[in-house]
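One file, protein26.txt, is given below (compact mmCIF, C-alpha atoms).
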# COMPACT_ATOMS: atom_id res chain seq x y z
CA MET A 1 10.71 -12.60 7.24
CA THR A 2 12.91 -11.88 10.26
CA SER A 3 11.71 -10.40 13.56
CA VAL A 4 13.65 -7.46 14.96
CA TYR A 5 13.10 -8.84 18.49
CA ARG A 6 14.99 -11.62 20.22
CA SER A 7 11.90 -12.84 22.11
CA ALA A 8 8.26 -12.04 22.89
CA GLN A 9 9.38 -10.52 26.20
CA ALA A 10 11.88 -8.31 24.38
CA ARG A 11 9.09 -7.07 22.12
CA ALA A 12 6.90 -6.28 25.14
CA ASP A 13 9.74 -4.44 26.91
CA VAL A 14 10.47 -2.23 23.88
CA ARG A 15 6.81 -1.42 23.25
CA ARG A 16 6.26 -0.54 26.91
CA TRP A 17 9.28 1.79 26.87
CA CYS A 18 8.00 3.55 23.74
CA VAL A 19 4.41 3.95 24.94
CA ASP A 20 5.52 5.26 28.34
CA ARG A 21 7.84 7.79 26.73
CA ILE A 22 5.23 9.05 24.25
CA GLU A 23 2.40 9.27 26.76
CA GLY A 24 4.61 10.95 29.35
CA SER A 25 6.08 13.50 26.94
CA GLY A 26 3.48 16.25 27.35
CA LEU A 27 3.18 16.50 23.54
CA ALA A 28 -0.44 17.03 22.46
CA HIS A 29 -0.83 14.11 20.09
CA VAL A 30 -2.98 11.27 18.82
CA ARG A 31 -1.45 7.79 18.81
CA SER A 32 -3.04 5.36 16.36
CA GLU A 33 -2.36 2.37 14.10
CA VAL A 34 -2.98 1.56 10.46
CA VAL A 35 -2.90 -1.90 8.91
CA THR A 36 -0.93 -2.52 5.71
CA PRO A 37 0.36 -5.67 4.01
CA ALA A 38 3.61 -5.05 5.96
CA GLY A 39 1.60 -5.34 9.19
CA VAL A 40 0.47 -2.82 11.76
CA THR A 41 2.13 0.62 11.59
CA GLY A 42 2.35 2.84 14.65
CA VAL A 43 1.38 6.47 13.97
CA VAL A 44 1.82 9.58 16.12
CA THR A 45 0.05 12.74 14.90
CA ALA A 46 0.48 16.26 16.30
CA GLY A 47 0.01 19.86 15.26
CA PRO A 48 -2.77 21.82 13.55
CA GLU A 49 -4.77 20.66 10.55
CA PRO A 50 -3.14 21.63 7.23
CA ARG A 51 -4.41 24.94 5.89
CA GLY A 52 -4.89 26.02 2.30
CA GLY A 53 -3.81 22.72 0.82
CA GLY A 54 -0.41 22.89 2.53
CA PRO A 55 1.51 19.66 3.02
CA THR A 56 1.62 17.53 6.13
CA VAL A 57 5.14 16.69 7.33
CA VAL A 58 5.65 12.93 7.56
CA LEU A 59 8.67 12.00 9.68
CA LEU A 60 10.45 8.67 9.13
CA PRO A 61 13.00 7.73 11.83
CA GLY A 62 16.23 5.88 11.11
CA THR A 63 17.66 2.51 12.13
CA ASN A 64 16.78 1.53 15.72
CA MET A 65 14.71 4.71 16.15
CA ASN A 66 10.99 5.47 16.29
CA ALA A 67 8.42 8.11 17.23
CA ALA A 68 9.29 7.86 20.91
CA LEU A 69 12.84 9.01 20.08
CA CYS A 70 11.67 11.84 17.77
CA LEU A 71 9.57 13.80 20.24
CA PRO A 72 11.70 16.98 20.44
CA VAL A 73 11.70 17.55 16.69
CA ALA A 74 8.05 16.45 16.36
CA GLU A 75 7.09 18.99 19.02
CA ALA A 76 9.07 21.72 17.26
CA ILE A 77 7.38 21.05 13.89
CA ALA A 78 3.94 20.67 15.51
CA ARG A 79 4.13 24.27 16.73
CA GLU A 80 3.71 25.33 13.10
CA ARG A 81 2.10 22.53 11.08
CA ARG A 82 0.71 19.01 11.14
CA VAL A 83 3.37 16.32 11.64
CA VAL A 84 2.86 12.57 11.42
CA VAL A 85 5.59 10.23 12.70
CA LEU A 86 5.57 6.68 11.33
CA ASP A 87 7.44 3.86 13.07
CA LEU A 88 9.16 1.77 10.40
CA PRO A 89 8.14 -1.90 10.34
CA GLY A 90 11.03 -4.20 11.13
CA GLN A 91 12.58 -1.63 13.49
CA PRO A 92 12.13 -1.46 17.29
CA GLY A 93 9.02 0.51 18.12
CA LEU A 94 5.25 0.33 17.74
CA SER A 95 5.03 -1.13 14.23
CA ALA A 96 5.10 -4.73 13.02
CA ASP A 97 8.32 -6.46 13.99
CA ARG A 98 9.19 -8.35 10.79
CA ARG A 99 11.25 -7.30 7.78
CA PRO A 100 12.22 -9.24 4.64
CA ARG A 101 15.67 -10.70 4.15
CA ALA A 102 15.92 -9.36 0.58
CA LYS A 103 14.50 -6.56 -1.60
CA ARG A 104 13.94 -4.34 1.43
CA SER A 105 13.98 -1.08 -0.54
CA PHE A 106 11.04 -2.17 -2.70
CA TRP A 107 9.23 -3.53 0.37
CA TYR A 108 9.70 -0.32 2.33
CA GLY A 109 8.73 1.83 -0.64
CA THR A 110 5.49 -0.10 -1.10
CA TRP A 111 4.81 0.13 2.64
CA LEU A 112 5.24 3.92 2.67
CA THR A 113 3.01 4.45 -0.37
CA GLU A 114 0.22 2.37 1.18
CA THR A 115 0.61 3.90 4.65
CA LEU A 116 0.38 7.45 3.30
CA GLU A 117 -2.84 6.51 1.47
CA ARG A 118 -4.38 5.16 4.67
CA ALA A 119 -3.02 7.51 7.32
CA VAL A 120 -2.35 10.94 5.81
CA PRO A 121 -4.84 12.77 3.58
CA GLY A 122 -3.48 15.20 1.02
CA PRO A 123 0.05 16.20 -0.01
CA VAL A 124 3.04 15.43 2.19
CA VAL A 125 6.66 16.47 2.62
CA VAL A 126 8.52 13.39 3.81
CA VAL A 127 11.36 14.05 6.25
CA GLY A 128 13.54 10.95 6.51
CA HIS A 129 16.51 10.44 8.80
CA SER A 130 19.21 7.89 7.89
CA LEU A 131 17.32 4.67 6.97
CA GLY A 132 14.14 6.78 6.89
CA GLY A 133 15.67 8.83 4.09
CA ALA A 134 16.26 5.73 1.98
CA VAL A 135 12.65 4.68 2.63
CA ALA A 136 11.45 8.13 1.55
CA LEU A 137 13.35 7.74 -1.70
CA SER A 138 12.02 4.22 -2.27
CA SER A 139 8.39 5.37 -2.50
CA ASP A 140 6.86 6.83 -5.65
CA SER A 141 3.69 7.94 -3.86
CA PRO A 142 1.93 10.75 -5.76
CA GLN A 143 1.19 12.36 -2.38
CA ILE A 144 4.88 13.20 -1.90
CA VAL A 145 5.50 16.78 -3.03
CA GLY A 146 8.95 17.08 -1.46
CA ARG A 147 11.61 15.24 0.51
CA VAL A 148 13.96 16.46 3.24
CA LEU A 149 16.68 13.84 3.70
CA LEU A 150 18.62 14.10 6.96
CA SER A 151 21.95 12.24 7.05
CA SER A 152 20.25 10.00 4.53
CA ALA A 153 21.10 6.47 3.54
CA GLY A 154 20.29 5.35 0.02
CA ILE A 155 22.26 8.06 -1.78
CA VAL A 156 25.83 6.88 -1.21
CA ARG A 157 27.43 4.08 0.79
CA LEU A 158 27.90 4.86 4.48
CA ARG A 159 31.41 5.00 5.91
CA VAL A 160 32.32 3.30 9.20
CA PRO A 161 35.48 4.88 10.68
CA VAL A 162 37.64 2.68 12.87
CA PRO A 163 36.77 4.47 16.16
CA LEU A 164 33.07 3.99 15.44
CA LEU A 165 33.57 0.33 14.59
CA ALA A 166 35.57 -0.10 17.80
CA ALA A 167 32.60 1.26 19.79
CA THR A 168 30.03 -0.80 17.86
CA VAL A 169 31.52 -4.27 18.34
CA PRO A 170 31.45 -4.28 22.19
CA TRP A 171 27.89 -2.94 22.10
CA LEU A 172 26.81 -5.77 19.80
CA LEU A 173 28.58 -8.44 21.84
CA ARG A 174 27.52 -7.38 25.34
CA PRO A 175 25.50 -4.17 25.55
CA THR A 176 25.56 -2.04 28.67
CA VAL A 177 24.46 1.54 29.25
CA ALA A 178 28.12 2.62 29.30
CA ARG A 179 28.90 0.87 26.01
CA SER A 180 25.69 2.18 24.44
CA THR A 181 26.53 5.72 25.50
CA ALA A 182 30.06 5.38 24.12
CA LEU A 183 28.59 4.27 20.78
CA VAL A 184 26.18 7.20 20.62
CA ARG A 185 29.02 9.61 21.44
CA ARG A 186 30.84 8.37 18.34
CA MET A 187 27.77 9.12 16.20
CA ALA A 188 27.27 12.62 17.59
CA ALA A 189 29.36 15.76 17.25
CA PRO A 190 32.00 16.59 19.86
CA GLY A 191 30.44 18.20 22.90
CA GLN A 192 27.05 16.49 22.52
CA GLY A 193 27.39 14.53 25.75
CA GLN A 194 23.84 15.29 26.87
CA VAL A 195 22.44 13.74 23.70
CA ALA A 196 24.60 10.64 24.18
CA ASP A 197 23.56 10.27 27.81
CA GLY A 198 19.88 10.49 26.86
CA LEU A 199 20.13 7.86 24.14
CA GLY A 200 22.39 5.50 26.09
CA GLU A 201 19.50 3.88 27.98
CA TRP A 202 17.54 3.33 24.76
CA MET A 203 20.47 1.86 22.86
CA ASP A 204 21.19 -0.46 25.78
CA LEU A 205 17.59 -1.72 25.54
CA VAL A 206 17.96 -2.16 21.78
CA GLY A 207 21.21 -4.04 22.17
CA ARG A 208 19.68 -6.47 24.67
CA CYS A 209 16.29 -6.92 22.99
CA CYS A 210 16.81 -6.51 19.25
CA ARG A 211 18.61 -7.75 16.18
CA THR A 212 19.86 -4.55 14.64
CA SER A 213 19.78 -4.16 10.85
CA LEU A 214 22.63 -2.92 8.69
CA ALA A 215 22.56 0.30 6.72
CA PRO A 216 21.01 -0.14 3.27
CA PRO A 217 23.24 0.14 0.19
CA PRO A 218 22.82 3.05 -2.23
CA LEU A 219 19.62 2.88 -4.25
CA PRO A 220 19.87 2.18 -8.01
CA SER A 221 20.76 5.16 -10.16
CA GLY A 222 17.66 4.64 -12.30
CA LEU A 223 15.38 4.92 -9.28
CA LEU A 224 17.13 8.05 -7.99
CA GLU A 225 16.85 9.59 -11.46
CA LEU A 226 13.08 9.20 -11.25
CA ARG A 227 13.04 10.99 -7.88
CA ARG A 228 14.41 14.17 -9.48
CA SER A 229 10.84 15.10 -10.41
CA VAL A 230 10.13 16.04 -6.77
CA PRO A 231 12.08 18.79 -4.94
CA THR A 232 14.64 17.41 -2.50
CA LEU A 233 16.78 18.92 0.24
CA VAL A 234 19.68 16.88 1.62
CA VAL A 235 21.02 17.85 5.06
CA ALA A 236 24.16 16.64 6.83
CA GLY A 237 25.74 17.33 10.19
CA ARG A 238 29.20 18.86 9.99
CA PHE A 239 30.65 15.99 12.08
CA ASP A 240 28.63 13.08 10.68
CA PRO A 241 31.03 10.08 10.78
CA PHE A 242 28.90 7.94 8.44
CA LEU A 243 28.04 10.56 5.84
CA PRO A 244 30.37 13.57 6.09
CA PRO A 245 29.22 16.62 4.12
CA SER A 246 32.12 16.28 1.69
CA HIS A 247 30.80 12.80 0.85
CA LEU A 248 27.01 13.24 0.99
CA GLY A 249 26.69 16.72 -0.52
CA PRO A 250 28.23 16.04 -3.95
CA ALA A 251 26.41 12.68 -4.18
CA GLY A 252 23.06 14.32 -3.40
CA ARG A 253 23.59 16.97 -6.05
CA ARG A 254 24.84 14.50 -8.64
CA ARG A 255 22.36 11.66 -8.10
CA LEU A 256 19.22 13.63 -7.12
CA GLY A 257 19.80 17.19 -8.27
CA ALA A 258 19.14 18.08 -4.62
CA GLU A 259 19.87 21.23 -2.69
CA PHE A 260 22.30 20.68 0.16
CA ARG A 261 22.64 22.14 3.64
CA VAL A 262 25.14 21.58 6.47
CA VAL A 263 24.16 21.82 10.15
CA GLU A 264 27.09 23.11 12.18
CA GLY A 265 27.76 21.49 15.55
CA ALA A 266 25.91 18.27 14.70
CA GLY A 267 26.89 14.72 13.81
CA HIS A 268 24.73 11.89 12.47
CA LEU A 269 21.91 12.26 15.03
CA LEU A 270 20.36 15.41 13.63
CA LEU A 271 16.91 14.84 15.12
CA ASP A 272 18.42 14.67 18.61
CA GLU A 273 21.33 17.08 18.30
CA SER A 274 19.69 19.92 16.35
CA PRO A 275 15.87 19.76 16.39
CA GLU A 276 15.58 23.52 15.90
CA ALA A 277 17.91 23.44 12.88
CA VAL A 278 15.78 20.63 11.44
CA LEU A 279 12.66 22.74 12.06
CA VAL A 280 14.18 25.69 10.18
CA ALA A 281 15.15 23.47 7.24
CA VAL A 282 11.67 21.92 7.08
CA ARG A 283 9.96 25.30 7.46
CA GLU A 284 11.93 26.91 4.64
CA PHE A 285 11.59 23.86 2.41
CA CYS A 286 7.81 23.67 2.86
CA ALA A 287 7.50 27.38 2.10
CA ALA A 288 9.52 26.92 -1.09
CA VAL A 289 7.38 23.94 -2.13
CA ALA A 290 4.20 25.94 -1.54
CA THR A 291 5.39 28.80 -3.77
CA GLY A 292 7.29 26.72 -6.32

Can I see the file as C-alpha cells?
Amino acid sequence: MTSVYRSAQARADVRRWCVDRIEGSGLAHVRSEVVTPAGVTGVVTAGPEPRGGGPTVVLLPGTNMNAALCLPVAEAIARERRVVVLDLPGQPGLSADRRPRAKRSFWYGTWLTETLERAVPGPVVVVGHSLGGAVALSSDSPQIVGRVLLSSAGIVRLRVPVPLLAATVPWLLRPTVARSTALVRRMAAPGQGQVADGLGEWMDLVGRCCRTSLAPPPLPSGLLELRRSVPTLVVAGRFDPFLPPSHLGPAGRRRLGAEFRVVEGAGHLLLDESPEAVLVAVREFCAAVATG
C-alpha cells in the first residue's frame, strides 16, 4: 500500500486545509467518518432527508479532489435532496491515505459497496467525476439505482494533449501557484479563469504534499456489460481535453448503453465550472429513475 502523502506534516497540512474550507463554507452539513477495511472514510452530508423512498445522491470526487472542493455542487444539490460526499481513500482529503499498487478498481469497488452499506441508508444515485466515475462503475452495490458519470474515467482511455502535458510536467517537478493555475487552465474551458484561479492554491498544495495518481485504464468490457442493468447518464464538457465528447459519448453508448449529454462552456472540471448544469442533469436523472 502506498500513501498519497509525502510526509506526516503534508498529511496534516492537507487535512487542515480541507476541514477549514468545509467548516467555513456556510453549507449546512454534518461531517462524519465511517470505518471500512480500506480505512477511515470522510463523509459530508447535506440536504433534506429522502422522501417517499427517493434516492440519496452520493458524490464521488475525482483524482486529487475531495468534499472540500465539491462544495458549490453539493450546496446546489442539497437545496433539493439529500447529498452525501465521500472522500476517496488514497486521494488527498479526509479519508485514509493509502491505496494499493495493483487491482485498484476491485479495491475501490469493494470500498464503495461497504461504505454505502455503513453510511447511506436506502437507494442511491452515484454521481462520479473523473476517477470517481470509474469507482462508481467498479461497485456492484444493490443500493445503486443509477449512475451519473461526469467526465468519467473507466469507460475509455483518457487523452493527454501536448499542451496539457507541457503544463503538467513543470507542476510535477516544482509546483508553484502559478504553475498549478496554468495546469488547471488547461483542464478547463476557455474563459474559465476564475475557476483556475480558485483551484490554483489547492493544486499547489497537492503538488507539494502529495504523490498524485495516474488516471485508471478503461474497465473490462465484461464488467461494463454487467453495469447495463442500472440506468446511466454520461456527461462531458464541450472542451474536455482528456475526454472530448466525440470520444466519450460513443464509448458510453457502446460500452454501457448510456444516455449522453454535453455541457456547453465547460471542460474537464464540471463540478467547478458548471455546478448548476450538473444539478440539472442530476435532477432530471433522479426524476427519470423514480418514474422508470

Find the residue from A:Arg98, A:His268, A:Arg186, A:His29 that sits nearest to Ser152 of chain A; use all atoms listed in the file when measuring.
A:His268

Which residues, protein or nucleic acid, reach to within 12 Å of (-4.6, -2.8, 10.3) in the file's coordinates when using all atoms listed in the file, and can you give that as a PyMOL selection string?
chain A and resi 32-43+95-96+114-115+118-119

Kindly provide, as a list in words, the polymer residues lying within 10 Å of (13.5, -11.0, 18.3), counting all atoms listed in the file and using the coordinates exactly as they appear in the file.
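I get Thr2, Ser3, Val4, Tyr5, Arg6, Ser7, Ala8, Gln9, Ala10, Arg11, Pro92, Asp97, Arg98, Arg208, Cys209, Cys210, Arg211 and Thr212 of chain A for the residues within 10 Å of that point.
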
Distance criterion (only C-alpha atoms): nearest to Cys70 of chain A out of A:Val57, A:Leu219, A:Ala28, A:Leu271
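Once distances to Cys70 of chain A are computed over only C-alpha atoms, the minimum belongs to A:Leu271.
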
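Rounded to one decimal, atom CA of Val145 of chain A and atom CA of Pro55 of chain A lie 7.8 Å from each other.
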
Atom CA of Leu223 of chain A to atom CA of Ser105 of chain A: how many Å, to one decimal?
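Between atom CA of Leu223 of chain A and atom CA of Ser105 of chain A the gap works out to 10.7 Å.
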
Name all residues at most 9 Å from Ser141 of chain A (count all atoms listed in the file; drop same-chain ones fewer than 3 positions away) and give them as JSON, numbers by chain.
{"A": [109, 110, 112, 113, 114, 116, 117, 144]}

The selected residues should be written to file as a PDB file, in the frame of the given file (atoms: C-alpha atoms).
ATOM      1  CA  GLY A 109       8.730   1.830  -0.640  1.00  0.00           C
ATOM      2  CA  THR A 110       5.490  -0.100  -1.100  1.00  0.00           C
ATOM      3  CA  LEU A 112       5.240   3.920   2.670  1.00  0.00           C
ATOM      4  CA  THR A 113       3.010   4.450  -0.370  1.00  0.00           C
ATOM      5  CA  GLU A 114       0.220   2.370   1.180  1.00  0.00           C
ATOM      6  CA  LEU A 116       0.380   7.450   3.300  1.00  0.00           C
ATOM      7  CA  GLU A 117      -2.840   6.510   1.470  1.00  0.00           C
ATOM      8  CA  ILE A 144       4.880  13.200  -1.900  1.00  0.00           C
TER       9      ILE A 144
END
